[in-house]
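Next comes query-v5.cif, with mmCIF, C-alpha atoms.
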```cif
data_model
#
loop_
_atom_site.label_atom_id
_atom_site.label_comp_id
_atom_site.auth_asym_id
_atom_site.auth_seq_id
_atom_site.Cartn_x
_atom_site.Cartn_y
_atom_site.Cartn_z
CA MET A 1078 6.93 25.64 29.70
CA SER A 1079 5.76 24.22 26.39
CA SER A 1080 7.27 20.95 25.17
CA LEU A 1081 9.74 20.77 22.31
CA TYR A 1082 6.94 19.00 20.41
CA GLU A 1083 4.77 22.12 20.60
CA ARG A 1084 7.63 24.51 19.91
CA LEU A 1085 8.66 22.56 16.81
CA GLY A 1086 5.15 22.91 15.44
CA GLY A 1087 3.33 19.77 16.60
CA GLU A 1088 2.30 16.94 14.37
CA ALA A 1089 2.98 18.68 11.05
CA ALA A 1090 6.61 19.29 11.99
CA LEU A 1091 6.92 15.67 13.03
CA ASP A 1092 6.47 14.49 9.43
CA ALA A 1093 9.44 16.58 8.37
CA ALA A 1094 11.47 15.24 11.28
CA VAL A 1095 10.62 11.63 10.41
CA ASP A 1096 11.71 12.20 6.79
CA ILE A 1097 15.10 13.50 7.91
CA PHE A 1098 15.61 10.94 10.68
CA TYR A 1099 14.54 7.93 8.61
CA ARG A 1100 16.77 8.97 5.71
CA LYS A 1101 19.74 9.18 8.09
CA VAL A 1102 18.97 5.75 9.56
CA LEU A 1103 18.65 4.08 6.15
CA THR A 1104 21.89 5.53 4.84
CA ASP A 1105 24.00 4.84 7.94
CA ASP A 1106 25.90 1.58 7.45
CA ARG A 1107 26.30 1.12 11.20
CA VAL A 1108 22.55 0.56 11.68
CA ASN A 1109 20.74 0.23 8.35
CA GLU A 1110 20.97 -3.58 8.29
CA PHE A 1111 18.23 -3.59 10.95
CA PHE A 1112 15.91 -1.54 8.73
CA ASP A 1113 16.60 -3.14 5.38
CA ASP A 1114 13.70 -5.54 5.07
CA VAL A 1115 11.00 -3.71 7.01
CA ASP A 1116 7.76 -2.28 5.67
CA MET A 1117 8.60 1.41 5.29
CA GLU A 1118 5.09 2.68 5.97
CA GLN A 1119 4.80 0.80 9.25
CA GLN A 1120 8.34 1.75 10.19
CA ALA A 1121 7.70 5.44 9.48
CA ALA A 1122 4.62 5.30 11.71
CA LYS A 1123 6.69 3.73 14.50
CA GLN A 1124 9.43 6.32 14.13
CA LYS A 1125 6.80 9.05 14.30
CA GLY A 1126 5.58 7.56 17.57
CA PHE A 1127 9.14 7.41 18.87
CA LEU A 1128 9.95 11.00 17.89
CA THR A 1129 6.66 12.23 19.36
CA MET A 1130 7.64 10.63 22.65
CA VAL A 1131 11.20 11.98 22.80
CA PHE A 1132 9.94 15.45 21.82
CA GLY A 1133 7.52 15.33 24.74
CA GLY A 1134 4.33 15.12 22.64
CA PRO A 1135 1.20 13.05 23.25
CA HIS A 1136 2.18 9.42 22.76
CA ASN A 1137 1.17 5.95 23.76
CA TYR A 1138 4.54 4.24 23.76
CA THR A 1139 5.10 1.81 26.60
CA GLY A 1140 8.15 -0.04 27.85
CA LYS A 1141 6.41 -3.26 26.88
CA ASP A 1142 6.06 -2.09 23.26
CA MET A 1143 9.74 -1.21 23.22
CA ARG A 1144 10.73 -4.65 24.52
CA GLU A 1145 8.40 -6.60 22.24
CA GLY A 1146 9.22 -4.45 19.21
CA HIS A 1147 12.97 -5.02 19.40
CA LYS A 1148 13.27 -8.63 20.60
CA HIS A 1149 13.73 -10.01 17.09
CA LEU A 1150 16.51 -7.48 16.52
CA LEU A 1151 18.39 -8.53 19.68
CA ALA A 1152 18.62 -11.97 18.11
CA ARG A 1153 20.28 -10.27 15.12
CA GLY A 1154 22.89 -8.59 17.29
CA LEU A 1155 21.30 -5.29 18.32
CA ASN A 1156 23.38 -3.78 21.14
CA ASP A 1157 24.40 -0.58 22.95
CA THR A 1158 26.52 0.72 20.08
CA HIS A 1159 23.47 0.72 17.78
CA VAL A 1160 21.41 2.62 20.35
CA ASP A 1161 24.29 5.13 20.54
CA VAL A 1162 24.13 5.63 16.77
CA ILE A 1163 20.35 6.17 16.82
CA ILE A 1164 20.70 8.82 19.53
CA GLU A 1165 23.49 10.46 17.51
CA LEU A 1166 21.31 10.49 14.35
CA LEU A 1167 18.44 11.90 16.39
CA GLY A 1168 20.71 14.76 17.50
CA GLY A 1169 21.75 15.34 13.88
CA THR A 1170 18.09 15.47 12.82
CA LEU A 1171 17.31 18.09 15.45
CA LYS A 1172 20.32 20.17 14.44
CA GLU A 1173 19.03 20.23 10.86
CA LEU A 1174 15.68 21.41 12.18
CA GLY A 1175 17.44 24.28 13.95
CA VAL A 1176 16.93 22.99 17.49
CA GLY A 1177 19.30 24.32 20.16
CA ASP A 1178 21.82 22.27 22.16
CA THR A 1179 19.86 22.39 25.43
CA ASP A 1180 16.79 20.88 23.78
CA ILE A 1181 18.89 18.29 21.98
CA ALA A 1182 20.40 17.23 25.31
CA GLU A 1183 16.92 16.92 26.82
CA VAL A 1184 15.72 14.77 23.90
CA ALA A 1185 18.82 12.57 24.24
CA THR A 1186 18.01 12.07 27.93
CA ILE A 1187 14.48 10.90 27.12
CA ALA A 1188 15.78 8.61 24.37
CA GLU A 1189 18.39 7.30 26.82
CA SER A 1190 15.61 6.39 29.25
CA VAL A 1191 14.26 3.66 26.95
CA ARG A 1192 17.66 2.06 26.26
CA ASP A 1193 17.13 -0.78 28.74
CA ASP A 1194 13.64 -1.50 27.39
CA VAL A 1195 14.92 -1.63 23.82
CA LEU A 1196 17.77 -3.96 24.82
CA ASP A 1197 15.42 -5.98 27.07
CA ARG A 1198 17.50 -5.60 30.25
CA MET B 441 -8.38 -14.96 26.46
CA ALA B 442 -11.21 -13.40 24.47
CA VAL B 443 -14.18 -15.43 23.30
CA ILE B 444 -16.06 -14.64 20.10
CA ARG B 445 -19.62 -15.65 19.48
CA TYR B 446 -20.50 -16.41 15.85
CA ALA B 447 -23.39 -18.34 14.26
CA GLY B 448 -24.65 -19.44 17.65
CA ARG B 449 -21.33 -20.92 18.78
CA SER B 450 -18.43 -19.66 20.87
CA PHE B 451 -14.71 -19.81 20.10
CA SER B 452 -11.63 -18.75 22.04
CA VAL B 453 -9.25 -16.55 20.13
CA ALA B 454 -5.72 -17.79 20.82
CA GLU B 455 -2.98 -15.30 21.71
CA GLY B 456 -1.81 -13.50 18.56
CA GLU B 457 -4.57 -15.02 16.44
CA SER B 458 -7.01 -12.93 14.39
CA VAL B 459 -10.77 -13.38 14.38
CA LEU B 460 -10.45 -14.53 10.76
CA GLU B 461 -7.92 -17.22 11.68
CA THR B 462 -10.09 -18.43 14.56
CA LEU B 463 -13.16 -18.79 12.35
CA LEU B 464 -11.24 -20.40 9.48
CA SER B 465 -9.75 -22.98 11.82
CA ALA B 466 -13.30 -23.71 13.00
CA ASN B 467 -14.03 -24.52 9.33
CA TYR B 468 -16.27 -21.55 8.60
CA GLU B 469 -16.09 -20.17 5.07
CA ILE B 470 -15.37 -16.55 5.78
CA PRO B 471 -14.67 -14.52 2.61
CA ASN B 472 -11.03 -13.44 2.62
CA SER B 473 -8.15 -12.79 0.28
CA CYS B 474 -5.04 -10.81 1.26
CA ARG B 475 -5.21 -11.35 5.04
CA ALA B 476 -3.23 -8.12 5.40
CA GLY B 477 -5.96 -5.53 5.97
CA VAL B 478 -5.86 -4.29 2.40
CA CYS B 479 -8.48 -6.00 0.23
CA GLN B 480 -11.37 -5.64 2.72
CA SER B 481 -12.76 -9.04 1.66
CA CYS B 482 -13.10 -10.32 5.23
CA VAL B 483 -15.35 -7.51 6.41
CA MET B 484 -17.60 -8.59 9.31
CA GLN B 485 -20.08 -6.85 11.56
CA LEU B 486 -19.95 -6.34 15.31
CA VAL B 487 -23.17 -7.24 17.13
CA ASP B 488 -21.98 -6.83 20.68
CA GLY B 489 -18.73 -5.81 22.36
CA GLU B 490 -15.99 -3.36 21.47
CA ILE B 491 -13.21 -3.61 18.92
CA ASP B 492 -9.95 -1.75 18.56
CA PRO B 493 -10.13 1.02 15.90
CA SER B 494 -7.17 -0.59 14.11
CA ALA B 495 -9.57 -3.28 12.86
CA GLN B 496 -11.54 -0.58 10.99
CA LYS B 497 -8.57 1.15 9.39
CA GLY B 498 -9.23 2.08 5.75
CA LEU B 499 -12.96 1.29 5.85
CA LYS B 500 -15.22 4.03 4.57
CA ASP B 501 -17.03 6.12 7.20
CA SER B 502 -20.46 4.66 6.48
CA TRP B 503 -19.10 1.15 7.04
CA GLN B 504 -17.38 2.14 10.27
CA ALA B 505 -20.63 3.68 11.46
CA GLN B 506 -22.35 0.33 10.92
CA ASP B 507 -19.72 -1.42 13.09
CA LEU B 508 -18.14 -3.21 10.16
CA PHE B 509 -14.54 -4.30 10.72
CA LEU B 510 -11.85 -6.45 9.13
CA ALA B 511 -11.65 -9.93 10.64
CA CYS B 512 -8.00 -10.34 9.61
CA ARG B 513 -7.01 -7.20 11.55
CA CYS B 514 -9.09 -7.93 14.64
CA HIS B 515 -7.22 -9.33 17.66
CA PRO B 516 -9.82 -8.96 20.41
CA ASP B 517 -8.89 -8.58 24.05
CA GLN B 518 -12.49 -8.84 25.18
CA ASP B 519 -15.51 -10.98 24.26
CA LEU B 520 -17.35 -10.14 21.03
CA GLU B 521 -20.42 -11.23 19.18
CA ILE B 522 -20.06 -10.93 15.42
CA ARG B 523 -21.75 -11.88 12.14
CA LEU B 524 -21.21 -11.64 8.40
CA PRO B 525 -22.91 -8.56 6.88
CA ALA B 526 -25.57 -9.16 4.22
CA VAL B 527 -23.79 -9.62 0.90
CA ASP B 528 -26.00 -7.22 -1.11
CA HIS B 529 -25.22 -4.65 1.53
CA ILE B 530 -21.49 -4.59 0.82
CA ARG B 531 -21.25 -5.78 -2.79
CA VAL B 532 -22.39 -4.17 -6.03
CA GLY B 533 -23.66 -6.28 -8.94
CA CYS B 534 -22.04 -5.52 -12.31
CA GLN B 535 -22.61 -6.56 -15.89
CA VAL B 536 -19.64 -7.65 -18.00
CA THR B 537 -19.60 -5.22 -20.94
CA GLY B 538 -16.13 -5.93 -22.35
CA HIS B 539 -13.83 -8.96 -22.43
CA ASP B 540 -10.91 -8.70 -24.86
CA ARG B 541 -7.20 -9.57 -24.97
CA LEU B 542 -4.42 -7.03 -25.08
CA SER B 543 -0.92 -8.20 -26.00
CA GLY B 544 0.87 -10.60 -23.68
CA GLY B 545 -2.40 -12.39 -22.94
CA ILE B 546 -3.56 -9.60 -20.63
CA LEU B 547 -7.35 -9.52 -20.31
CA ARG B 548 -9.06 -6.14 -20.52
CA LEU B 549 -12.25 -6.59 -18.57
CA ARG B 550 -14.99 -3.96 -18.58
CA LEU B 551 -17.83 -3.93 -16.07
CA ARG B 552 -20.88 -1.73 -15.69
CA PRO B 553 -22.14 -1.44 -12.10
CA GLU B 554 -25.91 -1.84 -11.70
CA SER B 555 -26.08 0.78 -8.98
CA GLN B 556 -24.24 3.96 -8.02
CA PHE B 557 -20.51 3.30 -7.70
CA ASP B 558 -18.06 6.13 -6.92
CA TYR B 559 -14.28 5.71 -7.07
CA ARG B 560 -11.02 7.49 -7.75
CA PRO B 561 -8.90 6.21 -10.69
CA GLY B 562 -6.12 4.02 -9.26
CA GLN B 563 -8.15 2.61 -6.37
CA TYR B 564 -8.83 -1.12 -6.22
CA VAL B 565 -11.90 -3.30 -5.77
CA THR B 566 -12.45 -6.96 -5.00
CA LEU B 567 -14.10 -9.05 -7.73
CA TRP B 568 -16.00 -12.11 -6.50
CA ARG B 569 -16.43 -15.45 -8.22
CA ASP B 570 -18.84 -16.66 -5.55
CA THR B 571 -19.65 -15.88 -1.93
CA THR B 572 -16.18 -16.61 -0.59
CA LEU B 573 -13.65 -16.46 -3.44
CA GLY B 574 -12.53 -12.96 -4.37
CA ARG B 575 -9.38 -11.11 -5.45
CA SER B 576 -8.46 -7.44 -5.63
CA TYR B 577 -7.88 -5.65 -8.92
CA SER B 578 -6.99 -2.03 -9.61
CA LEU B 579 -9.21 0.31 -11.60
CA ALA B 580 -7.68 1.53 -14.87
CA SER B 581 -10.71 3.62 -15.82
CA VAL B 582 -11.48 7.29 -15.22
CA PRO B 583 -15.14 8.27 -14.56
CA VAL B 584 -15.21 11.41 -16.72
CA LEU B 585 -13.47 9.68 -19.63
CA ASP B 586 -14.95 6.19 -19.49
CA GLY B 587 -18.47 6.92 -18.25
CA ASP B 588 -19.98 4.26 -16.03
CA GLU B 589 -17.74 1.49 -17.39
CA LEU B 590 -14.99 0.20 -15.13
CA GLU B 591 -11.81 -1.15 -16.69
CA PHE B 592 -9.43 -3.79 -15.31
CA HIS B 593 -6.22 -5.35 -16.69
CA ILE B 594 -5.90 -8.97 -15.64
CA LYS B 595 -2.97 -11.30 -16.00
CA ARG B 596 -3.91 -14.96 -16.03
CA PHE B 597 -2.01 -17.08 -13.53
CA SER B 598 -2.30 -20.81 -14.24
CA ASN B 599 -2.81 -21.51 -10.55
CA GLY B 600 -4.85 -18.33 -10.03
CA ARG B 601 -8.37 -19.41 -9.25
CA LEU B 602 -9.91 -16.03 -9.88
CA SER B 603 -7.78 -14.81 -12.80
CA SER B 604 -8.20 -18.08 -14.73
CA TRP B 605 -11.95 -17.95 -14.13
CA LEU B 606 -12.12 -14.32 -15.32
CA CYS B 607 -10.05 -15.11 -18.42
CA ASP B 608 -11.54 -18.47 -19.41
CA CYS B 609 -15.12 -18.65 -18.11
CA VAL B 610 -16.53 -15.13 -17.98
CA ASN B 611 -18.32 -13.69 -21.04
CA VAL B 612 -19.88 -10.40 -22.04
CA GLY B 613 -23.36 -10.21 -20.51
CA ASP B 614 -22.45 -12.20 -17.37
CA ARG B 615 -22.92 -10.73 -13.90
CA ILE B 616 -20.07 -10.31 -11.41
CA ALA B 617 -20.19 -8.95 -7.87
CA LEU B 618 -17.74 -6.26 -6.86
CA GLN B 619 -16.79 -4.82 -3.48
CA GLY B 620 -14.96 -1.58 -2.76
CA PRO B 621 -13.33 0.69 -3.66
CA GLY B 622 -10.30 0.97 -1.37
CA GLY B 623 -6.81 2.38 -1.34
CA TYR B 624 -5.17 5.78 -1.42
CA CYS B 625 -3.14 5.46 -4.60
CA PHE B 626 -4.81 8.15 -6.72
CA TYR B 627 -4.20 11.60 -8.19
CA THR B 628 -5.07 14.26 -5.66
CA GLY B 629 -4.72 17.33 -7.86
CA ASN B 630 -3.39 19.38 -4.94
CA ASP B 631 -0.49 20.69 -6.95
CA ALA B 632 -0.81 20.75 -10.74
CA GLU B 633 2.83 21.81 -11.14
CA GLN B 634 4.39 19.01 -9.11
CA ASP B 635 6.51 16.54 -11.09
CA LEU B 636 5.15 13.00 -11.05
CA LEU B 637 6.92 9.67 -11.26
CA LEU B 638 4.67 6.73 -12.14
CA ALA B 639 6.38 3.34 -12.08
CA GLY B 640 4.66 0.04 -12.64
CA ALA B 641 5.67 -3.55 -13.26
CA GLY B 642 3.41 -5.88 -15.23
CA THR B 643 -0.29 -5.17 -14.70
CA GLY B 644 0.80 -2.64 -12.06
CA LEU B 645 0.29 -0.39 -15.09
CA ALA B 646 -3.50 -0.60 -14.65
CA PRO B 647 -3.88 1.87 -11.74
CA LEU B 648 -1.15 4.08 -13.24
CA TYR B 649 -3.06 4.26 -16.53
CA GLY B 650 -6.06 5.53 -14.56
CA ILE B 651 -3.99 7.97 -12.50
CA LEU B 652 -2.14 9.23 -15.58
CA ARG B 653 -5.28 9.96 -17.61
CA ASP B 654 -6.93 11.51 -14.56
CA ALA B 655 -3.95 13.85 -14.09
CA LEU B 656 -3.88 14.80 -17.79
CA GLN B 657 -7.60 15.46 -18.09
CA ARG B 658 -7.45 17.60 -14.95
CA GLY B 659 -4.78 19.76 -16.58
CA HIS B 660 -1.64 18.65 -14.76
CA THR B 661 1.22 20.86 -15.94
CA GLY B 662 4.21 19.35 -14.10
CA GLN B 663 6.38 16.76 -15.84
CA ILE B 664 5.03 13.21 -15.76
CA HIS B 665 7.45 10.31 -16.17
CA LEU B 666 5.77 6.93 -16.66
CA TYR B 667 7.94 3.79 -16.40
CA HIS B 668 6.49 0.44 -17.38
CA GLY B 669 8.50 -2.75 -16.96
CA ALA B 670 7.66 -6.16 -18.40
CA VAL B 671 9.43 -9.44 -19.08
CA ASP B 672 8.89 -9.39 -22.86
CA ILE B 673 7.83 -6.81 -25.41
CA GLU B 674 4.31 -8.33 -25.43
CA GLY B 675 4.05 -7.49 -21.74
CA LEU B 676 4.12 -3.78 -22.65
CA TYR B 677 0.44 -4.19 -23.33
CA LEU B 678 -0.42 -0.48 -23.77
CA HIS B 679 2.71 0.44 -25.71
CA GLU B 680 1.05 2.14 -28.67
CA THR B 681 -1.66 3.82 -26.60
CA LEU B 682 0.95 5.31 -24.29
CA GLN B 683 3.18 6.38 -27.18
CA GLU B 684 0.20 8.23 -28.68
CA LEU B 685 -0.63 9.87 -25.35
CA ALA B 686 3.00 10.99 -24.97
CA ALA B 687 2.98 12.38 -28.51
CA THR B 688 0.00 14.60 -27.72
CA HIS B 689 1.08 15.71 -24.23
CA GLN B 690 4.35 17.56 -24.04
CA ASN B 691 4.78 16.97 -20.32
CA LEU B 692 4.31 13.18 -20.54
CA HIS B 693 7.42 11.00 -20.92
CA TYR B 694 6.92 7.29 -21.43
CA HIS B 695 9.80 4.93 -20.53
CA PRO B 696 9.11 1.28 -21.40
CA CYS B 697 11.60 -1.44 -20.50
CA THR B 698 11.78 -5.21 -20.82
CA LEU B 699 14.00 -7.87 -19.27
CA ASN B 700 14.36 -9.85 -22.49
CA GLU B 701 15.75 -8.49 -25.74
CA PRO B 702 12.89 -7.90 -28.22
CA PRO B 703 13.11 -10.06 -31.35
CA GLY B 704 13.08 -7.13 -33.81
CA ARG B 705 14.67 -3.71 -33.56
CA CYS B 706 12.86 -1.61 -31.02
CA HIS B 707 14.73 1.60 -30.35
CA ASP B 708 12.30 3.07 -27.89
CA VAL B 709 12.29 0.12 -25.47
CA ARG B 710 15.12 -0.26 -22.95
CA VAL B 711 16.35 -3.77 -22.24
CA GLU B 712 16.93 -3.43 -18.53
CA ASN B 713 15.49 -4.42 -15.18
CA LEU B 714 12.97 -1.76 -14.12
CA ASN B 715 14.58 -1.39 -10.68
CA GLN B 716 17.99 -0.76 -12.21
CA LEU B 717 16.59 1.66 -14.77
CA LEU B 718 14.82 3.70 -12.09
CA SER B 719 17.84 3.72 -9.80
CA ARG B 720 20.01 4.92 -12.66
CA GLU B 721 17.70 7.53 -14.18
CA ARG B 722 15.69 8.83 -11.23
CA SER B 723 17.82 10.53 -8.63
CA GLY B 724 16.88 13.98 -7.35
CA LEU B 725 13.23 13.35 -6.53
CA GLN B 726 12.93 16.23 -4.04
CA GLY B 727 9.47 17.70 -4.36
CA TRP B 728 8.18 14.91 -6.63
CA LYS B 729 5.10 12.80 -6.11
CA VAL B 730 5.69 9.11 -6.73
CA TYR B 731 3.24 6.31 -7.57
CA LEU B 732 4.49 2.72 -7.41
CA CYS B 733 2.41 -0.29 -8.48
CA GLY B 734 3.32 -3.92 -8.96
CA PRO B 735 4.60 -6.94 -7.07
CA ASP B 736 5.29 -6.43 -3.37
CA GLU B 737 9.08 -6.81 -3.77
CA PHE B 738 9.23 -4.18 -6.51
CA VAL B 739 7.17 -1.70 -4.51
CA LYS B 740 9.27 -2.23 -1.35
CA LYS B 741 12.52 -1.74 -3.20
CA GLN B 742 11.36 1.35 -5.09
CA ARG B 743 9.74 2.94 -2.06
CA GLN B 744 13.13 2.91 -0.39
CA HIS B 745 14.96 4.04 -3.52
CA CYS B 746 12.57 6.95 -4.16
CA PHE B 747 12.69 8.03 -0.52
CA LEU B 748 16.50 8.01 -0.49
CA ALA B 749 16.43 9.86 -3.83
CA GLY B 750 14.65 12.70 -2.05
CA ALA B 751 10.90 12.09 -2.28
CA GLY B 752 9.08 12.74 1.00
CA LEU B 753 7.42 9.76 2.72
CA LYS B 754 4.06 11.49 2.35
CA ASP B 755 4.62 11.90 -1.39
CA ILE B 756 5.10 8.21 -2.13
CA TYR B 757 1.89 6.36 -2.96
CA ALA B 758 2.02 2.65 -3.50
CA ASP B 759 -0.22 -0.19 -4.52
CA ALA B 760 1.41 -3.59 -4.09
CA PHE B 761 -0.02 -6.91 -5.25
CA ILE B 762 -0.52 -8.83 -2.04
CA ASN B 763 -0.93 -12.55 -2.37
CA HIS B 764 -2.04 -14.90 0.27
CA SER B 765 -1.79 -18.37 -1.20
CA GLN B 766 -4.70 -20.32 0.13
CA PRO B 767 -4.64 -24.01 0.88
#
```
Show me the file's structure as structure tokens.
Amino acid sequence: MSSLYERLGGEAALDAAVDIFYRKVLTDDRVNEFFDDVDMEQQAAKQKGFLTMVFGGPHNYTGKDMREGHKHLLARGLNDTHVDVIIELLGGTLKELGVGDTDIAEVATIAESVRDDVLDR
Amino acid sequence: MAVIRYAGRSFSVAEGESVLETLLSANYEIPNSCRAGVCQSCVMQLVDGEIDPSAQKGLKDSWQAQDLFLACRCHPDQDLEIRLPAVDHIRVGCQVTGHDRLSGGILRLRLRPESQFDYRPGQYVTLWRDTTLGRSYSLASVPVLDGDELEFHIKRFSNGRLSSWLCDCVNVGDRIALQGPGGYCFYTGNDAEQDLLLAGAGTGLAPLYGILRDALQRGHTGQIHLYHGAVDIEGLYLHETLQELAATHQNLHYHPCTLNEPPGRCHDVRVENLNQLLSRERSGLQGWKVYLCGPDEFVKKQRQHCFLAGAGLKDIYADAFINHSQP
């Protein structure tokens, strides 16, 4: 079976997904404090990498990247509730792209699998 | 830990350190400026070993093919042998053909390259005072309109070693070395009907002036809104030129603003912070292409504003002044 990444339309579709997802993240008061002072271009590239991974596309994300990349945010209070919000916003993004519930659940499971890396547990 | 070999000596690159930092701490004079992978001043050449492609990001193909890379972006995980490329290989000699003041003390510098030099209006180059001291400036000229003369708008900073040299010591007829061009902030012409937002603070107007005239001469038909912000009225250093352009192009709308109240009556200039003005007047940017040029803080703030106002990430082009204050 093809991955959601392929069914969505590969890399081109990813750009549209990043636009929707990033806009949600920046406008959500529960999480946007963590994104306020970052370089948007770098951040968009990271989100593209993240979405590629959770959509089952070719990626080079590692647990080590996830740990290193979020350590400074743990010091600023990043916790489980914020990861919950990100997964919720990811689901909302997929809904807007017309993705079905089964696929959304699968994406949430993959996203869930990096929770401990992100929170350095 | 990786070891680099340079000028017949070997140095360990500490964890997290760049090749540039290693060589500078060993007291070598390696040309550099922004230390952020943008200005391409610290370009070096690989003799032996392998480098990560991220150290070649933004370099033109012919440079990549010659194993040139950016020392500030190179964090080696294996041993390398490197050298500085020959200067006349990467720099172009230019003659100073124009050196005059616009309002606000802004220098309009014109240079004529002595050999073939191709660029897109809005890109930037590095101008060199000597072998190691260089700074990046954006191109305000357009090849088909300005011929082989390049135009730059330079603000003199009292502690700016390059800008004060350009303003005070350089004369018409002198020679200056230039390196580049770089950057992706230019008019692509993919969609002549797309609406464009051009916003610049201070001499951030320079690349926008190039992009704007490029778009107009290529027959852009979408609406073009140009915002220029300055501290004082004198800082609107192309005010009349832009008013004339707007008067002859129906789709061009010029929005000047200043922080300080102008001394006389000046109905067409808004007294407002450029960020506030843009946030207030520019919502609904779905489908627009946006060009942002100026200080880093301004560009960061507006990139976020324009994105949240609907512009796609891929449709926001930016050119930020990046300063690395050197000891």
What is the distance, in Å and to one decimal place, between CA of Ser458 in chain B and CA of His515 in chain B?
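Going from CA of Ser458 in chain B over to CA of His515 in chain B, I get 4.9 Å.
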Identify, on the basis of all atoms listed in the file, every residue whose closest approach to His1136 in chain A does not exceed 7 Å; exclude the query and any residue fewer than 4 positions from it along the same chain; express the result as number ranges by chain.
A: 1126, 1129-1130
Would you put the residues from that selection into a file with C-alpha atoms, as a CSV table (one decimal), in the coordinates of the input?
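The result, stored in selection01.csv:
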```
chain,number,residue,atom,x,y,z
A,1126,GLY,CA,5.6,7.6,17.6
A,1129,THR,CA,6.7,12.2,19.4
A,1130,MET,CA,7.6,10.6,22.6
```
Give me the residues near range 691-701 of chain B as a list in words, where near means some atom within 6 Å (using all atoms listed in the file) and where sequence neighbours in that chain fewer than 2 positions away do not count.
Gln663, Ile664, His665, Leu666, Tyr667, His668, Gly669, Ala670, Val671, Asp672, Ala686, His689, Val709, Arg710, Val711, Glu712 and Asn713 of chain B
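Minimum atom-to-atom distances from A:Leu1166, A:Ala1122, A:Ala1152, A:Ala1188 to chain B were compared using only C-alpha atoms, and the lowest value belongs to A:Ala1122.
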Sorted by chain and rising residue number, which residues of chain A lie within 12 Å of chain B, and what are their closest atom pairs and distances in Å to one decimal, counting all atoms listed in the file, as CSV?
```
residue,atom,partner,partner_atom,distance
A:Ala1089,CA,B:Lys754,CA,11.3
A:Leu1091,CA,B:Lys754,CA,11.8
A:Asp1092,CA,B:Lys754,CA,8.1
A:Ala1093,CA,B:Gly752,CA,8.3
A:Ala1094,CA,B:Gly752,CA,10.8
A:Val1095,CA,B:Leu753,CA,8.5
A:Asp1096,CA,B:Gly752,CA,6.4
A:Ile1097,CA,B:Gly752,CA,9.2
A:Phe1098,CA,B:Leu753,CA,11.5
A:Tyr1099,CA,B:Leu748,CA,9.3
A:Arg1100,CA,B:Leu748,CA,6.3
A:Lys1101,CA,B:Leu748,CA,9.2
A:Val1102,CA,B:Leu748,CA,10.6
A:Leu1103,CA,B:Leu748,CA,8.0
A:Thr1104,CA,B:Leu748,CA,8.0
A:Asp1105,CA,B:Leu748,CA,11.7
A:Asn1109,CA,B:Gln744,CA,11.9
A:Phe1112,CA,B:Gln744,CA,10.5
A:Asp1113,CA,B:Gln744,CA,9.1
A:Asp1114,CA,B:Lys740,CA,8.5
A:Val1115,CA,B:Lys740,CA,8.7
A:Asp1116,CA,B:Lys740,CA,7.2
A:Met1117,CA,B:Gln744,CA,7.4
A:Glu1118,CA,B:Leu753,CA,8.1
A:Gln1119,CA,B:Leu753,CA,11.4
A:Gln1120,CA,B:Leu753,CA,11.0
A:Ala1121,CA,B:Leu753,CA,8.0
A:Ala1122,CA,B:Leu753,CA,10.4
A:Lys1125,CA,B:Leu753,CA,11.6
```
Restricting the calculation to all atoms listed in the file, which member of B:Arg513, B:Arg596, B:Lys500, B:Arg615 is positioned closest to Gly533 in chain B?
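Between B:Arg513, B:Arg596, B:Lys500, B:Arg615, the residue approaching Gly533 in chain B most closely is B:Arg615.
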Kindly reconstruct range 610-618 of chain B with N, CA and C atoms and present the result as a compact mmCIF listing (two decimals), in the frame of the given file.
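The resulting file, out.txt, is shown below:
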```txt
# COMPACT_ATOMS: atom_id res chain seq x y z
N VAL B 610 -15.61 -16.27 -18.01
CA VAL B 610 -16.53 -15.13 -17.98
C VAL B 610 -16.76 -14.60 -19.40
N ASN B 611 -17.99 -14.23 -19.71
CA ASN B 611 -18.32 -13.69 -21.04
C ASN B 611 -19.08 -12.38 -20.91
N VAL B 612 -19.10 -11.62 -22.01
CA VAL B 612 -19.88 -10.40 -22.04
C VAL B 612 -21.35 -10.75 -21.75
N GLY B 613 -21.96 -9.95 -20.87
CA GLY B 613 -23.36 -10.21 -20.51
C GLY B 613 -23.49 -10.91 -19.16
N ASP B 614 -22.41 -11.55 -18.68
CA ASP B 614 -22.45 -12.20 -17.37
C ASP B 614 -22.53 -11.16 -16.25
N ARG B 615 -22.91 -11.63 -15.06
CA ARG B 615 -22.92 -10.73 -13.90
C ARG B 615 -21.80 -11.11 -12.94
N ILE B 616 -21.15 -10.09 -12.38
CA ILE B 616 -20.07 -10.31 -11.41
C ILE B 616 -20.33 -9.36 -10.24
N ALA B 617 -20.05 -9.84 -9.02
CA ALA B 617 -20.19 -8.95 -7.87
C ALA B 617 -18.85 -8.29 -7.55
N LEU B 618 -18.94 -7.06 -7.14
CA LEU B 618 -17.74 -6.26 -6.86
C LEU B 618 -17.89 -5.61 -5.49
```
